Amino acid sequence: MSEVNRLGIVGTSAGHMYRITALLLRSIKYIFTRPFYFDTIVEQMEVIGVRSLSIVLLTNFFTGMVLALQTGYQIARFGAKAYIGVVVALSMVRELGPVLTSLVVAGRVGAGIAAELGSMQVTEQVDAMRAMATNPVKKLVTTRLLALLVMLPLLTVLGDLVGIIGGMIISLYSLGLDFSFYKSSTIQALSMVDIFTGMVKPLVFAVIIAIVGCYLGLSTTGGTQGVGRSTTLSVVTASILIFLFDFMLVKIFFLIFET
Amino acid sequence: MIRLQNIYKSFGNLDVLKGVDLEIEEGQTMVILGKSGSGKSVMLKIILRLLQQDQGTIVIDEEDTTNYDEEKMVHVRKKFGMLFQSSALFDSINVEKNVAYMLEEHTNKSAHEIAERVEEVLSFVSLPGIQEKMPADLSGGMRKRVALARALAYNPDYVLYDEPTTGLDPMTAKTINELIRNTQVTQDVTSIVVTHDLISAFYVGDRFMLIKDGEVGFCGPPDEFKESDDPYIKEYLASAREYRYESGNEMSGRQ
């Protein structure tokens, strides 16, 4: 790759980063200014949250069960089978619940946002909105950002819960553990720090999913083909950013809470 | 009154507008003509600042909007209704919500008052009773008429039409032309119609402007345009006459 091309890519990426950050700051600013579009926010909460519920629960339930199965048989060899509840609860709440829920929502909702806004962009609906003296960032981006900020943590809590239940079912029926022991070890294992760190993550991931989906949707060019491109790119970009920010957050949490 | 002075606009290496001036008096209907890709639609979008010009001044009702940002443009845009080339109806909401959009966004009118106004403008475009339909259920001509109803619902001072008859069959195009003329007569608006359809242009226009190679090739009344000795205009008219001969349409000035 030539130096010029390399510089071009760096320049383009920096440009995207700048515009994504600018979009994020503007949409946050509009949270506090009139009009508030409560109806649209509630509608988006239903589209984003309620309709993602089944797939989120299913994913986390099976993950909890697999986690119990995989680790159960391994740690049984060291006689540590009793700790299975601790492993499942900590893994689900601190890591798997937030990340898996966010990845599922990025695939379902992030793609949906990019496709919807992308179609609106290429069919002049976004221009029509501006021509009718409405701010599209406020109407389209801020509402979706707020809906995700509310719904993704809720989905994560429910996801964590069914993951733990999934792990419990395997532990009780397949690994032969006692229910009251499993319950008490799970409750004892979870500290406030675990729950706090597990709840900060979906807030950050909600911002990533909303802003990446909206940014790519609103910057769509090239007709229906462009809409397809934006949709795919939104899932890929949001997923990568979720993993990246997950790593950085874990690093930060360890620095703050474990020292 | 809308006044554009010395407007330049380019996309990448392509210079679309190279110093265009345009002035539209109150109550007038200005038709902007030109070949596809000549920058006609770009001019409409520059007026509303949906696109940013590279150079030049925009004055609307004695207000210099040249450097206005999105927030400052809000009160300016409220004076306008725009009919987009693709109609640009919002797919996710029904006809009633589409037409009522500006009323719901910018007024405190009651639901009943809004519903009445929606019914009124839908009747004006001869589509009463379709409030519940979704845009996807409408034909191209109906979408244009609903889009016109939406543009008129907020009682605009100016209506901008971007290729209002493009892609429509001749009969539907005629209906749209009649609606544009009715709008001028009954709604007391100043209009700009961007088109390459000369039949439509002669039917609705008070003044013509031709964009040629990014500059103003002609600006004046329709009769002067028809009798011009300019070779480009003659060629432009001749192409339309061939079409007229083949299709049997007549080009006539406004009565």
# chains A, B, ... in the order shown; residues from 1 in each chain; ligands from 1
>>> interface_residues(of="chain B", to="chain A", cutoff="7 Å", atoms="only C-alpha atoms", output="PyMOL selection string")
chain B and resi 48+50+74+77-78+86+88-90+102
>>> residues_around(residues="Gly39 (chain B)", least_positions_apart="2", cutoff="10 Å", atoms="only C-alpha atoms", output="list in words")
Lys9, Ser10, Asp15, Val16, Leu17, Lys18, Ile32, Leu33, Gly34, Lys35, Ser36, Gly37, Ser41, Val42, Met43, Leu44, Lys45, Val194, Ile211, Lys212, Asp213, Gly214 and Glu215 of chain B
>>> residues_around(residues="region 220-222 of chain A", least_positions_apart="2", cutoff="12 Å", atoms="only C-alpha atoms", output="list in words")
Ala114, Ala115, Glu116, Leu117, Gly118, Ser119, Met120, Gln121, Val122, Thr123, Glu124, Val126, Gly213, Cys214, Tyr215, Leu216, Gly217, Leu218, Thr224, Gln225, Gly226, Val227, Gly228, Arg229, Ser230, Thr231, Thr232, Leu233 and Ser234 of chain A
>>> write_last_selection(atoms="N, CA and C atoms", output="compact mmCIF listing (two decimals), in the first residue's frame")
# COMPACT_ATOMS: atom_id res chain seq x y z
N ALA A 114 -29.87 1.36 11.03
CA ALA A 114 -29.10 1.76 9.84
C ALA A 114 -29.93 1.60 8.58
N ALA A 115 -30.69 0.50 8.49
CA ALA A 115 -31.50 0.26 7.28
C ALA A 115 -32.63 1.29 7.17
N GLU A 116 -33.29 1.57 8.29
CA GLU A 116 -34.42 2.51 8.25
C GLU A 116 -33.95 3.93 7.91
N LEU A 117 -32.92 4.38 8.63
CA LEU A 117 -32.44 5.74 8.39
C LEU A 117 -31.77 5.85 7.01
N GLY A 118 -31.10 4.76 6.61
CA GLY A 118 -30.48 4.74 5.28
C GLY A 118 -31.53 4.87 4.18
N SER A 119 -32.64 4.12 4.32
CA SER A 119 -33.72 4.21 3.31
C SER A 119 -34.30 5.62 3.32
N MET A 120 -34.47 6.19 4.51
CA MET A 120 -35.02 7.55 4.60
C MET A 120 -34.08 8.55 3.93
N GLN A 121 -32.78 8.32 4.08
CA GLN A 121 -31.80 9.23 3.49
C GLN A 121 -31.85 9.16 1.97
N VAL A 122 -31.86 7.96 1.41
CA VAL A 122 -31.79 7.86 -0.05
C VAL A 122 -33.12 8.19 -0.74
N THR A 123 -34.22 8.18 0.00
CA THR A 123 -35.50 8.55 -0.62
C THR A 123 -35.91 9.98 -0.24
N GLU A 124 -34.95 10.79 0.16
CA GLU A 124 -35.14 12.22 0.46
C GLU A 124 -36.03 12.48 1.68
N VAL A 126 -35.20 12.32 4.81
CA VAL A 126 -34.46 13.11 5.80
C VAL A 126 -34.43 14.58 5.37
N GLY A 213 -25.30 2.98 14.30
CA GLY A 213 -26.43 2.71 13.40
C GLY A 213 -26.96 3.99 12.77
N CYS A 214 -27.15 5.02 13.59
CA CYS A 214 -27.69 6.28 13.08
C CYS A 214 -26.70 6.97 12.15
N TYR A 215 -25.43 6.98 12.54
CA TYR A 215 -24.42 7.65 11.71
C TYR A 215 -24.33 6.99 10.33
N LEU A 216 -24.23 5.66 10.33
CA LEU A 216 -24.10 4.98 9.04
C LEU A 216 -25.38 5.10 8.22
N GLY A 217 -26.53 5.07 8.91
CA GLY A 217 -27.80 5.25 8.20
C GLY A 217 -27.88 6.62 7.55
N LEU A 218 -27.59 7.66 8.33
CA LEU A 218 -27.73 9.03 7.82
C LEU A 218 -26.67 9.39 6.79
N THR A 224 -30.32 1.80 -2.99
CA THR A 224 -30.62 0.63 -2.16
C THR A 224 -29.36 -0.18 -1.84
N GLN A 225 -28.41 -0.17 -2.79
CA GLN A 225 -27.16 -0.89 -2.55
C GLN A 225 -26.43 -0.26 -1.36
N GLY A 226 -26.49 1.06 -1.31
CA GLY A 226 -25.87 1.78 -0.19
C GLY A 226 -26.53 1.44 1.13
N VAL A 227 -27.85 1.23 1.10
CA VAL A 227 -28.57 0.87 2.34
C VAL A 227 -28.07 -0.48 2.85
N GLY A 228 -27.89 -1.43 1.93
CA GLY A 228 -27.37 -2.76 2.30
C GLY A 228 -25.98 -2.64 2.91
N ARG A 229 -25.15 -1.79 2.27
CA ARG A 229 -23.78 -1.60 2.75
C ARG A 229 -23.77 -1.02 4.16
N SER A 230 -24.60 0.01 4.38
CA SER A 230 -24.65 0.65 5.70
C SER A 230 -25.12 -0.33 6.76
N THR A 231 -26.11 -1.15 6.40
CA THR A 231 -26.67 -2.11 7.36
C THR A 231 -25.60 -3.10 7.82
N THR A 232 -24.90 -3.70 6.84
CA THR A 232 -23.85 -4.67 7.17
C THR A 232 -22.76 -4.00 8.00
N LEU A 233 -22.34 -2.83 7.53
CA LEU A 233 -21.24 -2.12 8.19
C LEU A 233 -21.60 -1.74 9.63
N SER A 234 -22.89 -1.43 9.85
CA SER A 234 -23.29 -1.02 11.20
C SER A 234 -23.14 -2.19 12.18
>>> residues_around(residues="Gly163 (chain A)", least_positions_apart="2", cutoff="9 Å", atoms="only C-alpha atoms", output="PyMOL selection string")
chain A and resi 57-65+67+88-89+92-93+96-97+158-161+165-168
>>> closest_residue(among="B:Pro170, B:Pro156, B:Gly205, B:Gly217", to="His75 (chain B)", atoms="only C-alpha atoms")
B:Pro156
>>> residues_around(residues="region 174-191 of chain A", least_positions_apart="6", cutoff="7 Å", atoms="only C-alpha atoms", output="count of residues only")
4
>>> closest_residue(among="B:Ile180, B:Glu105, B:Leu14, B:Met171", to="Lys139 (chain A)", atoms="only C-alpha atoms")
B:Glu105
>>> residues_around(residues="Glu43 (chain A)", least_positions_apart="5", cutoff="10 Å", atoms="only C-alpha atoms", output="list in words")
Phe38, Ile48, Gly49, Thr143, Arg144 and Ala147 of chain A
>>> decode(residues="region 15-59 of chain B", atoms="N, CA and C atoms", output="mmCIF file, in the first residue's frame")
data_model
loop_
_atom_site.group_PDB
_atom_site.id
_atom_site.type_symbol
_atom_site.label_atom_id
_atom_site.label_comp_id
_atom_site.auth_asym_id
_atom_site.auth_seq_id
_atom_site.Cartn_x
_atom_site.Cartn_y
_atom_site.Cartn_z
ATOM 1 N N ASP B 15 -18.331 21.193 -11.573
ATOM 2 C CA ASP B 15 -18.929 22.499 -11.270
ATOM 3 C C ASP B 15 -20.358 22.511 -11.788
ATOM 4 N N VAL B 16 -21.329 22.556 -10.889
ATOM 5 C CA VAL B 16 -22.731 22.496 -11.314
ATOM 6 C C VAL B 16 -23.293 23.905 -11.536
ATOM 7 N N LEU B 17 -23.122 24.770 -10.558
ATOM 8 C CA LEU B 17 -23.596 26.153 -10.703
ATOM 9 C C LEU B 17 -22.378 27.083 -10.675
ATOM 10 N N LYS B 18 -22.340 28.003 -11.686
ATOM 11 C CA LYS B 18 -21.162 28.877 -11.779
ATOM 12 C C LYS B 18 -21.600 30.332 -11.815
ATOM 13 N N GLY B 19 -22.057 30.818 -10.705
ATOM 14 C CA GLY B 19 -22.429 32.227 -10.644
ATOM 15 C C GLY B 19 -23.850 32.498 -11.094
ATOM 16 N N VAL B 20 -24.817 31.808 -10.510
ATOM 17 C CA VAL B 20 -26.221 31.968 -10.913
ATOM 18 C C VAL B 20 -26.904 33.037 -10.050
ATOM 19 N N ASP B 21 -27.636 33.936 -10.713
ATOM 20 C CA ASP B 21 -28.475 34.921 -10.007
ATOM 21 C C ASP B 21 -29.928 34.575 -10.265
ATOM 22 N N LEU B 22 -30.767 34.767 -9.243
ATOM 23 C CA LEU B 22 -32.187 34.480 -9.412
ATOM 24 C C LEU B 22 -32.984 35.382 -8.484
ATOM 25 N N GLU B 23 -34.035 35.987 -9.019
ATOM 26 C CA GLU B 23 -34.876 36.820 -8.166
ATOM 27 C C GLU B 23 -36.334 36.498 -8.460
ATOM 28 N N ILE B 24 -37.095 36.214 -7.418
ATOM 29 C CA ILE B 24 -38.509 35.870 -7.615
ATOM 30 C C ILE B 24 -39.365 36.824 -6.804
ATOM 31 N N GLU B 25 -40.226 37.528 -7.509
ATOM 32 C CA GLU B 25 -41.121 38.489 -6.844
ATOM 33 C C GLU B 25 -42.269 37.744 -6.181
ATOM 34 N N GLU B 26 -42.892 38.409 -5.250
ATOM 35 C CA GLU B 26 -44.027 37.820 -4.543
ATOM 36 C C GLU B 26 -45.168 37.479 -5.509
ATOM 37 N N GLY B 27 -45.750 36.322 -5.317
ATOM 38 C CA GLY B 27 -46.895 35.919 -6.121
ATOM 39 C C GLY B 27 -46.538 35.341 -7.478
ATOM 40 N N GLN B 28 -45.253 35.401 -7.809
ATOM 41 C CA GLN B 28 -44.824 34.911 -9.118
ATOM 42 C C GLN B 28 -44.642 33.393 -9.138
ATOM 43 N N THR B 29 -44.737 32.810 -10.339
ATOM 44 C CA THR B 29 -44.335 31.413 -10.479
ATOM 45 C C THR B 29 -43.154 31.351 -11.431
ATOM 46 N N MET B 30 -42.012 31.032 -10.887
ATOM 47 C CA MET B 30 -40.790 30.959 -11.684
ATOM 48 C C MET B 30 -40.553 29.509 -12.076
ATOM 49 N N VAL B 31 -40.330 29.274 -13.361
ATOM 50 C CA VAL B 31 -40.009 27.919 -13.811
ATOM 51 C C VAL B 31 -38.519 27.861 -14.120
ATOM 52 N N ILE B 32 -37.837 26.917 -13.518
ATOM 53 C CA ILE B 32 -36.413 26.744 -13.808
ATOM 54 C C ILE B 32 -36.251 25.553 -14.746
ATOM 55 N N LEU B 33 -35.704 25.838 -15.922
ATOM 56 C CA LEU B 33 -35.535 24.796 -16.933
ATOM 57 C C LEU B 33 -34.055 24.456 -17.087
ATOM 58 N N GLY B 34 -33.802 23.337 -17.691
ATOM 59 C CA GLY B 34 -32.418 22.942 -17.942
ATOM 60 C C GLY B 34 -32.347 21.446 -18.133
ATOM 61 N N LYS B 35 -31.226 21.012 -18.696
ATOM 62 C CA LYS B 35 -31.063 19.578 -18.926
ATOM 63 C C LYS B 35 -30.922 18.843 -17.593
ATOM 64 N N SER B 36 -31.083 17.520 -17.631
ATOM 65 C CA SER B 36 -30.878 16.730 -16.412
ATOM 66 C C SER B 36 -29.440 16.944 -15.923
ATOM 67 N N GLY B 37 -29.282 17.106 -14.653
ATOM 68 C CA GLY B 37 -27.948 17.288 -14.084
ATOM 69 C C GLY B 37 -27.414 18.699 -14.221
ATOM 70 N N SER B 38 -28.278 19.657 -14.632
ATOM 71 C CA SER B 38 -27.802 21.025 -14.828
ATOM 72 C C SER B 38 -27.815 21.830 -13.529
ATOM 73 N N GLY B 39 -28.325 21.239 -12.462
ATOM 74 C CA GLY B 39 -28.284 21.946 -11.170
ATOM 75 C C GLY B 39 -29.586 22.616 -10.787
ATOM 76 N N LYS B 40 -30.681 22.243 -11.458
ATOM 77 C CA LYS B 40 -31.984 22.869 -11.147
ATOM 78 C C LYS B 40 -32.426 22.519 -9.725
ATOM 79 N N SER B 41 -32.428 21.203 -9.431
ATOM 80 C CA SER B 41 -32.860 20.764 -8.094
ATOM 81 C C SER B 41 -31.903 21.263 -7.024
ATOM 82 N N VAL B 42 -30.619 21.349 -7.388
ATOM 83 C CA VAL B 42 -29.609 21.833 -6.440
ATOM 84 C C VAL B 42 -29.972 23.244 -5.984
ATOM 85 N N MET B 43 -30.482 24.062 -6.940
ATOM 86 C CA MET B 43 -30.860 25.439 -6.580
ATOM 87 C C MET B 43 -31.970 25.460 -5.536
ATOM 88 N N LEU B 44 -32.978 24.592 -5.718
ATOM 89 C CA LEU B 44 -34.066 24.538 -4.730
ATOM 90 C C LEU B 44 -33.517 24.178 -3.358
ATOM 91 N N LYS B 45 -32.629 23.177 -3.366
ATOM 92 C CA LYS B 45 -32.088 22.720 -2.076
ATOM 93 C C LYS B 45 -31.196 23.788 -1.450
ATOM 94 N N ILE B 46 -30.548 24.591 -2.273
ATOM 95 C CA ILE B 46 -29.712 25.673 -1.727
ATOM 96 C C ILE B 46 -30.607 26.749 -1.091
ATOM 97 N N ILE B 47 -31.754 27.023 -1.710
ATOM 98 C CA ILE B 47 -32.673 28.025 -1.132
ATOM 99 C C ILE B 47 -33.056 27.636 0.299
ATOM 100 N N LEU B 48 -33.360 26.338 0.489
ATOM 101 C CA LEU B 48 -33.764 25.861 1.825
ATOM 102 C C LEU B 48 -32.565 25.476 2.690
ATOM 103 N N ARG B 49 -31.379 25.649 2.126
ATOM 104 C CA ARG B 49 -30.125 25.265 2.803
ATOM 105 C C ARG B 49 -30.085 23.780 3.164
ATOM 106 N N LEU B 50 -30.737 22.970 2.331
ATOM 107 C CA LEU B 50 -30.576 21.513 2.476
ATOM 108 C C LEU B 50 -29.219 21.151 1.904
ATOM 109 N N LEU B 51 -28.734 21.997 0.981
ATOM 110 C CA LEU B 51 -27.374 21.897 0.472
ATOM 111 C C LEU B 51 -26.698 23.241 0.725
ATOM 112 N N GLN B 52 -25.408 23.171 0.960
ATOM 113 C CA GLN B 52 -24.641 24.388 1.240
ATOM 114 C C GLN B 52 -23.974 24.845 -0.052
ATOM 115 N N GLN B 53 -24.208 26.095 -0.449
ATOM 116 C CA GLN B 53 -23.525 26.610 -1.637
ATOM 117 C C GLN B 53 -22.061 26.882 -1.313
ATOM 118 N N ASP B 54 -21.195 26.868 -2.370
ATOM 119 C CA ASP B 54 -19.774 27.142 -2.130
ATOM 120 C C ASP B 54 -19.549 28.638 -1.985
ATOM 121 N N GLN B 55 -20.389 29.398 -2.670
ATOM 122 C CA GLN B 55 -20.211 30.848 -2.703
ATOM 123 C C GLN B 55 -21.551 31.466 -3.064
ATOM 124 N N GLY B 56 -21.771 32.714 -2.703
ATOM 125 C CA GLY B 56 -23.004 33.386 -3.097
ATOM 126 C C GLY B 56 -23.889 33.741 -1.921
ATOM 127 N N THR B 57 -24.892 34.588 -2.186
ATOM 128 C CA THR B 57 -25.755 35.116 -1.128
ATOM 129 C C THR B 57 -27.196 34.672 -1.346
ATOM 130 N N ILE B 58 -27.890 34.377 -0.249
ATOM 131 C CA ILE B 58 -29.312 34.032 -0.321
ATOM 132 C C ILE B 58 -30.075 35.021 0.553
ATOM 133 N N VAL B 59 -31.093 35.657 -0.028
ATOM 134 C CA VAL B 59 -31.931 36.562 0.760
ATOM 135 C C VAL B 59 -33.380 36.118 0.610
#
